[in-house]
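Structure data (TSV, C-alpha atoms and all ligand atoms) from run32.tsv:
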chain	number	residue	atom	x	y	z
A	24	MET	CA	-15.44	11.61	12.06
A	25	SER	CA	-14.30	10.93	8.47
A	26	ASP	CA	-14.60	7.50	6.86
A	27	LYS	CA	-10.79	7.24	6.90
A	28	GLU	CA	-10.78	7.74	10.68
A	29	CYS	CA	-13.64	5.25	11.14
A	30	VAL	CA	-11.85	2.40	9.37
A	31	ALA	CA	-8.57	3.24	11.13
A	32	LYS	CA	-10.21	3.04	14.56
A	33	HIS	CA	-11.91	-0.23	13.62
A	34	ALA	CA	-8.57	-1.74	12.55
A	35	ALA	CA	-6.80	-0.56	15.70
A	36	LYS	CA	-9.35	-2.43	17.82
A	37	GLN	CA	-8.14	-5.68	16.26
A	38	VAL	CA	-4.61	-5.23	17.61
A	39	VAL	CA	-3.76	-7.24	20.73
A	40	ASP	CA	-0.83	-7.31	23.16
A	41	GLY	CA	2.43	-8.75	21.85
A	42	MET	CA	1.79	-8.15	18.15
A	43	LEU	CA	4.43	-6.91	15.73
A	44	VAL	CA	2.41	-4.46	13.63
A	45	GLY	CA	3.40	-2.99	10.25
A	46	LEU	CA	2.50	0.64	9.67
A	47	GLY	CA	1.50	1.74	6.19
A	48	THR	CA	2.03	5.13	4.58
A	49	GLY	CA	-0.47	7.83	3.68
A	50	SER	CA	-3.29	9.82	5.24
A	51	THR	CA	-5.39	6.76	6.18
A	52	ALA	CA	-2.41	4.89	7.62
A	53	ASN	CA	-1.68	8.04	9.67
A	54	TYR	CA	-5.06	7.77	11.39
A	55	PHE	CA	-4.26	4.14	12.23
A	56	ILE	CA	-0.87	5.13	13.70
A	57	GLU	CA	-2.59	7.80	15.82
A	58	GLU	CA	-5.20	5.36	17.11
A	59	LEU	CA	-2.61	2.70	17.88
A	60	ALA	CA	-0.59	5.27	19.83
A	61	TYR	CA	-3.76	6.29	21.69
A	62	ARG	CA	-4.49	2.68	22.65
A	63	SER	CA	-0.87	2.19	23.80
A	64	ARG	CA	-0.90	5.36	25.87
A	65	GLU	CA	-4.40	5.21	27.34
A	66	GLN	CA	-5.13	1.49	27.45
A	67	GLY	CA	-1.65	0.06	28.01
A	68	LEU	CA	-1.64	-1.88	24.74
A	69	LYS	CA	1.82	-3.41	24.26
A	70	VAL	CA	2.92	-3.63	20.64
A	71	ILE	CA	6.04	-3.24	18.56
A	72	THR	CA	5.74	-1.54	15.17
A	73	VAL	CA	7.69	-1.50	11.94
A	74	ALA	CA	7.14	1.32	9.45
A	75	SER	CA	6.85	1.15	5.65
A	76	SER	CA	8.39	4.60	5.25
A	77	VAL	CA	10.58	7.15	6.97
A	78	VAL	CA	7.55	9.44	7.33
A	79	SER	CA	5.52	6.78	9.15
A	80	ALA	CA	8.50	5.80	11.33
A	81	ILE	CA	8.94	9.42	12.45
A	82	LYS	CA	5.22	9.79	13.16
A	83	ALA	CA	5.13	6.55	15.18
A	84	GLN	CA	8.18	7.57	17.21
A	85	GLN	CA	6.82	11.07	17.85
A	86	LEU	CA	3.63	9.51	19.19
A	87	GLY	CA	5.58	7.24	21.52
A	88	LEU	CA	5.14	3.90	19.73
A	89	THR	CA	7.99	1.40	19.97
A	90	THR	CA	9.50	0.88	16.52
A	91	VAL	CA	11.92	-1.72	15.26
A	92	ASP	CA	14.27	-1.30	12.28
A	93	PHE	CA	12.94	-2.68	9.02
A	94	GLU	CA	16.13	-4.69	8.50
A	95	ARG	CA	15.44	-6.76	11.62
A	96	VAL	CA	11.99	-7.95	10.58
A	97	SER	CA	11.36	-11.33	8.94
A	98	TYR	CA	7.73	-11.84	9.96
A	99	LEU	CA	4.90	-9.70	11.30
A	100	ASP	CA	1.47	-10.40	12.75
A	101	LEU	CA	-0.46	-7.59	11.14
A	102	TYR	CA	0.12	-5.00	8.43
A	103	VAL	CA	-2.32	-2.09	8.07
A	104	ASP	CA	-2.27	0.31	5.13
A	105	GLY	CA	-4.44	2.31	2.73
A	106	ALA	CA	-4.81	1.78	-1.01
A	107	ASP	CA	-5.66	3.79	-4.11
A	108	GLU	CA	-7.97	1.21	-5.71
A	109	VAL	CA	-9.53	-2.09	-4.57
A	110	SER	CA	-11.17	-4.52	-7.01
A	111	PRO	CA	-14.05	-6.92	-6.14
A	112	GLU	CA	-11.48	-9.76	-5.70
A	113	LEU	CA	-9.52	-7.57	-3.23
A	114	THR	CA	-6.62	-6.90	-5.56
A	115	LEU	CA	-5.14	-3.52	-4.66
A	116	LEU	CA	-3.46	-0.70	-6.50
A	117	LYS	CA	-0.98	1.17	-4.33
A	118	GLY	CA	1.98	3.46	-4.75
A	119	GLN	CA	0.79	6.99	-5.35
A	120	GLY	CA	3.46	7.77	-2.75
A	121	ALA	CA	7.01	6.55	-3.39
A	122	ASP	CA	7.23	3.76	-0.83
A	123	LEU	CA	5.57	0.79	-2.48
A	124	VAL	CA	8.64	-1.50	-2.22
A	125	ARG	CA	8.63	-1.53	1.57
A	126	GLU	CA	4.83	-1.62	1.61
A	127	LYS	CA	4.76	-4.78	-0.51
A	128	LEU	CA	7.54	-6.42	1.52
A	129	LEU	CA	5.57	-5.91	4.74
A	130	ALA	CA	2.25	-6.96	3.18
A	131	THR	CA	3.86	-10.15	1.89
A	132	ALA	CA	5.56	-11.01	5.20
A	133	SER	CA	2.48	-10.42	7.34
A	134	GLU	CA	0.11	-13.03	8.72
A	135	GLN	CA	-2.79	-10.58	8.22
A	136	PHE	CA	-3.03	-7.55	5.95
A	137	ILE	CA	-5.88	-5.14	6.70
A	138	VAL	CA	-6.56	-2.52	4.04
A	139	LEU	CA	-8.35	0.71	4.93
A	140	ILE	CA	-10.32	2.58	2.27
A	141	GLU	CA	-13.23	4.89	1.62
A	142	ALA	CA	-15.96	3.63	-0.73
A	143	SER	CA	-14.70	5.88	-3.55
A	144	LYS	CA	-11.67	3.58	-3.88
A	145	LEU	CA	-13.74	0.53	-4.83
A	146	VAL	CA	-13.33	-0.10	-8.57
A	147	ALA	CA	-14.53	-2.69	-11.09
A	148	ARG	CA	-11.00	-3.21	-12.37
A	149	ILE	CA	-7.50	-2.23	-11.26
A	150	GLY	CA	-6.24	0.72	-13.29
A	151	GLN	CA	-9.69	2.29	-13.59
A	152	HIS	CA	-8.71	5.63	-12.03
A	153	PHE	CA	-4.92	5.49	-11.86
A	154	ALA	CA	-2.04	4.31	-14.00
A	155	ILE	CA	0.04	1.48	-12.47
A	156	PRO	CA	3.06	2.84	-10.54
A	157	ILE	CA	6.17	0.88	-11.49
A	158	GLU	CA	9.56	1.35	-9.81
A	159	VAL	CA	12.41	0.82	-12.26
A	160	MET	CA	16.19	0.59	-11.91
A	161	PRO	CA	17.40	3.91	-13.41
A	162	CYS	CA	19.84	2.28	-15.84
A	163	ALA	CA	17.12	-0.09	-17.12
A	164	TRP	CA	14.39	2.43	-17.95
A	165	GLN	CA	14.68	2.23	-21.76
A	166	LEU	CA	14.81	-1.58	-21.69
A	167	VAL	CA	11.86	-1.80	-19.32
A	168	LYS	CA	9.86	0.75	-21.32
A	169	LYS	CA	10.27	-1.37	-24.46
A	170	GLN	CA	8.98	-4.46	-22.61
A	171	LEU	CA	6.04	-2.54	-21.17
A	172	GLU	CA	5.08	-1.22	-24.61
A	173	ALA	CA	5.33	-4.73	-26.06
A	174	ASN	CA	2.71	-5.73	-23.47
A	175	GLY	CA	0.31	-2.90	-24.35
A	176	GLY	CA	1.56	-0.40	-21.77
A	177	HIS	CA	1.88	3.32	-22.35
A	178	GLY	CA	2.97	6.13	-20.08
A	179	ASP	CA	6.09	7.83	-18.83
A	180	LEU	CA	8.27	8.58	-15.86
A	181	ARG	CA	6.63	10.42	-12.98
A	182	GLN	CA	7.77	14.02	-12.49
A	183	ASN	CA	8.84	15.28	-9.09
A	184	THR	CA	6.53	17.58	-7.16
A	185	HIS	CA	8.20	20.71	-8.57
A	186	LYS	CA	7.88	19.33	-12.15
A	187	LYS	CA	11.56	20.11	-12.65
A	188	GLY	CA	12.80	16.56	-13.09
A	189	VAL	CA	11.84	12.94	-12.58
A	190	ALA	CA	10.61	11.59	-9.25
A	191	ILE	CA	12.96	9.29	-7.36
A	192	SER	CA	11.61	6.68	-4.94
A	193	THR	CA	12.91	6.20	-1.40
A	194	HIS	CA	15.17	3.46	-2.81
A	195	GLY	CA	16.62	5.54	-5.63
A	196	SER	CA	14.46	4.00	-8.35
A	197	LEU	CA	12.63	5.87	-11.10
A	198	ILE	CA	8.83	5.67	-10.98
A	199	ALA	CA	6.84	5.16	-14.16
A	200	ASP	CA	3.05	5.52	-14.28
A	201	ILE	CA	1.86	3.10	-16.94
A	202	SER	CA	-1.64	2.40	-18.28
A	203	PHE	CA	-2.54	-0.87	-19.99
A	204	ASP	CA	-5.25	-2.04	-22.35
A	205	GLN	CA	-8.44	-2.69	-20.41
A	206	HIS	CA	-8.64	-6.35	-21.42
A	207	ILE	CA	-5.54	-7.32	-19.38
A	208	ASP	CA	-6.78	-8.52	-15.98
A	209	ALA	CA	-4.86	-7.75	-12.77
A	210	LYS	CA	-3.66	-11.35	-12.28
A	211	THR	CA	-2.13	-11.44	-15.77
A	212	LEU	CA	-0.69	-7.96	-15.41
A	213	ASN	CA	0.85	-8.87	-12.06
A	214	GLU	CA	2.57	-11.87	-13.68
A	215	ILE	CA	3.77	-9.82	-16.65
A	216	LEU	CA	5.27	-7.10	-14.43
A	217	ASN	CA	6.83	-9.65	-12.04
A	218	GLY	CA	8.59	-11.14	-15.06
A	219	ILE	CA	10.24	-8.02	-16.50
A	220	SER	CA	13.88	-7.63	-15.46
A	221	GLY	CA	14.74	-4.13	-14.29
A	222	ILE	CA	11.39	-3.60	-12.56
A	223	VAL	CA	12.12	-3.29	-8.85
A	224	GLU	CA	8.45	-3.47	-7.79
A	225	HIS	CA	5.01	-2.38	-8.94
A	226	GLY	CA	1.76	-1.19	-7.39
A	227	ILE	CA	-0.48	-4.22	-8.04
A	228	PHE	CA	-0.93	-6.09	-4.74
A	229	TYR	CA	-2.41	-9.37	-5.88
A	230	GLY	CA	-3.59	-11.99	-3.37
A	231	LEU	CA	-2.11	-10.13	-0.39
A	232	ALA	CA	-5.04	-8.44	1.40
A	233	THR	CA	-6.78	-10.63	3.98
A	234	THR	CA	-9.38	-8.01	4.97
A	235	VAL	CA	-10.56	-4.76	3.43
A	236	LEU	CA	-12.40	-2.29	5.68
A	237	VAL	CA	-14.57	0.09	3.66
A	238	GLY	CA	-15.77	3.30	5.28
A	239	ILE	CA	-19.22	4.29	4.00
A	240	ASN	CA	-20.96	7.31	5.57
A	241	GLY	CA	-19.55	6.63	9.03
A	242	GLN	CA	-20.16	2.85	8.89
A	243	VAL	CA	-17.50	0.18	8.40
A	244	GLN	CA	-18.09	-2.64	5.96
A	245	GLU	CA	-15.72	-5.61	6.20
A	246	ARG	CA	-14.70	-7.69	3.18
A	247	GLN	CA	-12.70	-10.87	3.63
A	248	ALA	CA	-10.44	-12.42	0.97
A	249	GLY	CA	-12.18	-15.39	-0.64
A	250	ASN	CA	-15.70	-14.09	0.15
A	251	PHE	CA	-16.80	-12.25	-2.95
A	301	LIG	C1	1.18	4.96	-0.63
A	301	LIG	C2	-0.12	4.23	-0.75
A	301	LIG	C3	-1.26	4.78	0.04
A	301	LIG	O1	-1.69	3.79	0.93
A	301	LIG	C4	-2.37	5.15	-0.90
A	301	LIG	O2	-1.88	6.13	-1.80
A	301	LIG	C5	-3.59	5.71	-0.12
A	301	LIG	O3	-3.27	6.93	0.45
A	301	LIG	P1	-4.29	7.72	1.36
A	301	LIG	O4	-4.56	6.89	2.57
A	301	LIG	O5	-3.59	9.01	1.68
A	301	LIG	O6	-5.56	7.95	0.56
A	301	LIG	O7	-0.25	3.26	-1.43
A	301	LIG	O8	2.16	4.33	-1.42

Would you mind writing the file's structure down as structure tokens?
Amino acid sequence: MSDKECVAKHAAKQVVDGMLVGLGTGSTANYFIEELAYRSREQGLKVITVASSVVSAIKAQQLGLTTVDFERVSYLDLYVDGADEVSPELTLLKGQGADLVREKLLATASEQFIVLIEASKLVARIGQHFAIPIEVMPCAWQLVKKQLEANGGHGDLRQNTHKKGVAISTHGSLIADISFDQHIDAKTLNEILNGISGIVEHGIFYGLATTVLVGINGQVQERQAGNF
């Protein structure tokens, strides 16, 4: 079993009857959706789910999970998702897909947010391996770019998978991948990006994870927010 599957199974064991559970997006979140569906089918677990993307909603429905429309949700018990980077303070970088707006909404609204990663995603600082994904209102790109550059950012709009134009997020935003000077810490960067008009959302998830499950050679290591 891969480390992604291990952490997904571990997270699914923490789900109990009656929970409203948020489903993340990506290959690790997929394993969690599969395990949750298995527990519902084979063990009679009774849960309602809300998906962070169309892809995850379709997968959950195909596997027989009960899903509720995103628009109807104002609170959830548990949100489970993967991440691209996790710092020692449990700040996350997410958004290599194009669904980070819904992902952050669910993470923020949830009582608990369990993050599932392999050890290779642990980093000393956010931005170590990836640029920061930033969703921008299309009409505001030039204005936002100027603000990002004034704060030490450099980068450009993401190209679509065919490299024949820019990528568009699920919500119709442009996605910029921006790197910043190493000396800007994630807390400061989060505040800077939150303060720029025209940015719809960005991939730094600061102070949101309650638990990070790290898969290391078939074992699961649990890290709790506040204990580092
Ligand atoms: C999507 C995400 C994913 O959770 C992140 O990219 C990890 O993906 P995977 O589980 O496939 O490694 O943030 O927006």

Q: For each of A:Gly105, A:Gly178, A:Gly195, A:Gly241, take the minimum atom-to-atom distance to ligand LIG 301 (chain A), counting only C-alpha atoms and all ligand atoms, then give the residue where this is smallest.
A: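 So, comparing all the options, the nearest one is A:Gly105.
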
Counting all atoms listed in the file, what is within 9 Å of segment 130-143 of chain A, bar same-chain residues fewer than 2 positions away, as a PDB file with C-alpha atoms, in the coordinates of the input?
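Here's the written file part-v5.pdb:
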ATOM      1  CA  ASP A  26     -14.600   7.500   6.860  1.00  0.00           C
ATOM      2  CA  LYS A  27     -10.790   7.240   6.900  1.00  0.00           C
ATOM      3  CA  VAL A  30     -11.850   2.400   9.370  1.00  0.00           C
ATOM      4  CA  ALA A  31      -8.570   3.240  11.130  1.00  0.00           C
ATOM      5  CA  ALA A  34      -8.570  -1.740  12.550  1.00  0.00           C
ATOM      6  CA  VAL A  44       2.410  -4.460  13.630  1.00  0.00           C
ATOM      7  CA  GLY A  45       3.400  -2.990  10.250  1.00  0.00           C
ATOM      8  CA  THR A  51      -5.390   6.760   6.180  1.00  0.00           C
ATOM      9  CA  ALA A  52      -2.410   4.890   7.620  1.00  0.00           C
ATOM     10  CA  VAL A  96      11.990  -7.950  10.580  1.00  0.00           C
ATOM     11  CA  SER A  97      11.360 -11.330   8.940  1.00  0.00           C
ATOM     12  CA  TYR A  98       7.730 -11.840   9.960  1.00  0.00           C
ATOM     13  CA  LEU A  99       4.900  -9.700  11.300  1.00  0.00           C
ATOM     14  CA  ASP A 100       1.470 -10.400  12.750  1.00  0.00           C
ATOM     15  CA  LEU A 101      -0.460  -7.590  11.140  1.00  0.00           C
ATOM     16  CA  TYR A 102       0.120  -5.000   8.430  1.00  0.00           C
ATOM     17  CA  VAL A 103      -2.320  -2.090   8.070  1.00  0.00           C
ATOM     18  CA  ASP A 104      -2.270   0.310   5.130  1.00  0.00           C
ATOM     19  CA  GLY A 105      -4.440   2.310   2.730  1.00  0.00           C
ATOM     20  CA  ALA A 106      -4.810   1.780  -1.010  1.00  0.00           C
ATOM     21  CA  ASP A 107      -5.660   3.790  -4.110  1.00  0.00           C
ATOM     22  CA  GLU A 108      -7.970   1.210  -5.710  1.00  0.00           C
ATOM     23  CA  VAL A 109      -9.530  -2.090  -4.570  1.00  0.00           C
ATOM     24  CA  LEU A 115      -5.140  -3.520  -4.660  1.00  0.00           C
ATOM     25  CA  ARG A 125       8.630  -1.530   1.570  1.00  0.00           C
ATOM     26  CA  GLU A 126       4.830  -1.620   1.610  1.00  0.00           C
ATOM     27  CA  LYS A 127       4.760  -4.780  -0.510  1.00  0.00           C
ATOM     28  CA  LEU A 128       7.540  -6.420   1.520  1.00  0.00           C
ATOM     29  CA  LEU A 145     -13.740   0.530  -4.830  1.00  0.00           C
ATOM     30  CA  VAL A 146     -13.330  -0.100  -8.570  1.00  0.00           C
ATOM     31  CA  PHE A 228      -0.930  -6.090  -4.740  1.00  0.00           C
ATOM     32  CA  LEU A 231      -2.110 -10.130  -0.390  1.00  0.00           C
ATOM     33  CA  ALA A 232      -5.040  -8.440   1.400  1.00  0.00           C
ATOM     34  CA  THR A 233      -6.780 -10.630   3.980  1.00  0.00           C
ATOM     35  CA  THR A 234      -9.380  -8.010   4.970  1.00  0.00           C
ATOM     36  CA  VAL A 235     -10.560  -4.760   3.430  1.00  0.00           C
ATOM     37  CA  LEU A 236     -12.400  -2.290   5.680  1.00  0.00           C
ATOM     38  CA  VAL A 237     -14.570   0.090   3.660  1.00  0.00           C
ATOM     39  CA  GLY A 238     -15.770   3.300   5.280  1.00  0.00           C
ATOM     40  CA  ILE A 239     -19.220   4.290   4.000  1.00  0.00           C
ATOM     41  CA  ASN A 240     -20.960   7.310   5.570  1.00  0.00           C
TER      42      ASN A 240
END

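Shortest atom-to-atom contact with ligand LIG 301 (chain A) among A:His225, A:Arg95, A:His185, A:Arg246: A:His225, counting all atoms listed in the file.
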
Q: Please identify all polymer residues within 10 Å of Leu166 of chain A, counting all atoms listed in the file, omitting same-chain residues fewer than 5 positions from it, and present them as a PyMOL selection string.
A: chain A and resi 171+219-222

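Among A:Ser76, A:Gln182, A:Gln85, A:Asn213, the residue with the shortest atom-to-atom distance to ligand LIG 301 (chain A), counting all atoms listed in the file, is A:Ser76.
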
Q) Could you pull the residues within 12 Å of Ala147 of chain A, counting only C-alpha atoms, minus those fewer than 6 positions along the same chain, as an MDAnalysis selection string? A) chainID A and resid 108:115 205 208:209

Could you write those residues out with C-alpha atoms, as an mmCIF file, in the coordinates of the input?
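Dumped to part.cif:
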data_model
loop_
_atom_site.group_PDB
_atom_site.id
_atom_site.type_symbol
_atom_site.label_atom_id
_atom_site.label_comp_id
_atom_site.auth_asym_id
_atom_site.auth_seq_id
_atom_site.Cartn_x
_atom_site.Cartn_y
_atom_site.Cartn_z
ATOM 1 C CA GLU A 108 -7.970 1.210 -5.710
ATOM 2 C CA VAL A 109 -9.530 -2.090 -4.570
ATOM 3 C CA SER A 110 -11.170 -4.520 -7.010
ATOM 4 C CA PRO A 111 -14.050 -6.920 -6.140
ATOM 5 C CA GLU A 112 -11.480 -9.760 -5.700
ATOM 6 C CA LEU A 113 -9.520 -7.570 -3.230
ATOM 7 C CA THR A 114 -6.620 -6.900 -5.560
ATOM 8 C CA LEU A 115 -5.140 -3.520 -4.660
ATOM 9 C CA GLN A 205 -8.440 -2.690 -20.410
ATOM 10 C CA ASP A 208 -6.780 -8.520 -15.980
ATOM 11 C CA ALA A 209 -4.860 -7.750 -12.770
#

Q: Would you mind telling me which residue in A:Gly218, A:Gly226, A:Pro161, A:Gly176 lies nearest to ligand LIG 301 (chain A) when using only C-alpha atoms and all ligand atoms?
A: A:Gly226

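Distance check against Gly150 of chain A using all atoms listed in the file: of A:Val124, A:Ile227, A:Ala173, A:Leu216, the minimum falls on A:Ile227.
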
Q) Counting only C-alpha atoms and all ligand atoms, which of A:Ala80, A:Gly120, A:Met42, A:Thr89 gets nearest to ligand LIG 301 (chain A)? A) A:Gly120

Q. Distance atom CA of Ser75 of chain A-atom CA of Val189 of chain A, one decimal place?
A.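 Straight-line distance from atom CA of Ser75 of chain A to atom CA of Val189 of chain A works out to 22.3 Å.
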
**Q.** d(atom CA of Glu65 of chain A, atom CA of Val78 of chain A) in Å
**A.**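 Computing it gives 23.7 Å between the two atoms.
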
Q | atom CA of Asn183 of chain A to atom CA of Ser202 of chain A, straight-line distance in Å | A | 19.0 Å

Because some atoms of segment 121-137 of chain A are absent here, can you restore N, CA, C and O atoms and send them as a tab-separated table (two decimals), in the frame of the given file?
chain	number	residue	atom	x	y	z
A	121	ALA	N	5.82	7.14	-2.76
A	121	ALA	CA	7.01	6.55	-3.39
A	121	ALA	C	7.61	5.48	-2.49
A	121	ALA	O	8.82	5.32	-2.43
A	122	ASP	N	6.74	4.74	-1.82
A	122	ASP	CA	7.23	3.76	-0.83
A	122	ASP	C	6.67	2.36	-1.06
A	122	ASP	O	6.59	1.57	-0.13
A	123	LEU	N	6.28	2.05	-2.29
A	123	LEU	CA	5.57	0.79	-2.48
A	123	LEU	C	6.46	-0.45	-2.28
A	123	LEU	O	5.94	-1.52	-1.99
A	124	VAL	N	7.77	-0.32	-2.40
A	124	VAL	CA	8.64	-1.50	-2.22
A	124	VAL	C	8.55	-2.01	-0.79
A	124	VAL	O	8.27	-3.19	-0.55
A	125	ARG	N	8.72	-1.13	0.16
A	125	ARG	CA	8.63	-1.53	1.57
A	125	ARG	C	7.21	-1.97	1.91
A	125	ARG	O	7.00	-2.88	2.70
A	126	GLU	N	6.23	-1.27	1.33
A	126	GLU	CA	4.83	-1.62	1.61
A	126	GLU	C	4.56	-3.06	1.16
A	126	GLU	O	3.94	-3.84	1.89
A	127	LYS	N	5.04	-3.41	-0.03
A	127	LYS	CA	4.76	-4.78	-0.51
A	127	LYS	C	5.54	-5.82	0.29
A	127	LYS	O	5.04	-6.91	0.56
A	128	LEU	N	6.76	-5.48	0.70
A	128	LEU	CA	7.54	-6.42	1.52
A	128	LEU	C	6.80	-6.73	2.82
A	128	LEU	O	6.69	-7.89	3.23
A	129	LEU	N	6.27	-5.69	3.47
A	129	LEU	CA	5.57	-5.91	4.74
A	129	LEU	C	4.25	-6.65	4.52
A	129	LEU	O	3.90	-7.56	5.27
A	130	ALA	N	3.53	-6.28	3.47
A	130	ALA	CA	2.25	-6.96	3.18
A	130	ALA	C	2.48	-8.44	2.93
A	130	ALA	O	1.71	-9.29	3.36
A	131	THR	N	3.56	-8.75	2.23
A	131	THR	CA	3.86	-10.15	1.89
A	131	THR	C	4.29	-10.95	3.12
A	131	THR	O	3.96	-12.12	3.26
A	132	ALA	N	5.01	-10.30	4.03
A	132	ALA	CA	5.56	-11.01	5.20
A	132	ALA	C	4.53	-11.16	6.33
A	132	ALA	O	4.78	-11.90	7.28
A	133	SER	N	3.39	-10.47	6.19
A	133	SER	CA	2.48	-10.42	7.34
A	133	SER	C	1.45	-11.55	7.34
A	133	SER	O	0.95	-11.95	6.29
A	134	GLU	N	1.14	-12.01	8.54
A	134	GLU	CA	0.11	-13.03	8.72
A	134	GLU	C	-1.25	-12.48	8.25
A	134	GLU	O	-2.01	-13.16	7.57
A	135	GLN	N	-1.55	-11.23	8.63
A	135	GLN	CA	-2.79	-10.58	8.22
A	135	GLN	C	-2.46	-9.23	7.60
A	135	GLN	O	-1.58	-8.53	8.09
A	136	PHE	N	-3.22	-8.86	6.57
A	136	PHE	CA	-3.03	-7.55	5.95
A	136	PHE	C	-4.42	-6.90	5.86
A	136	PHE	O	-5.27	-7.34	5.10
A	137	ILE	N	-4.61	-5.87	6.69
A	137	ILE	CA	-5.88	-5.14	6.70
A	137	ILE	C	-5.73	-3.86	5.89
A	137	ILE	O	-4.83	-3.06	6.15
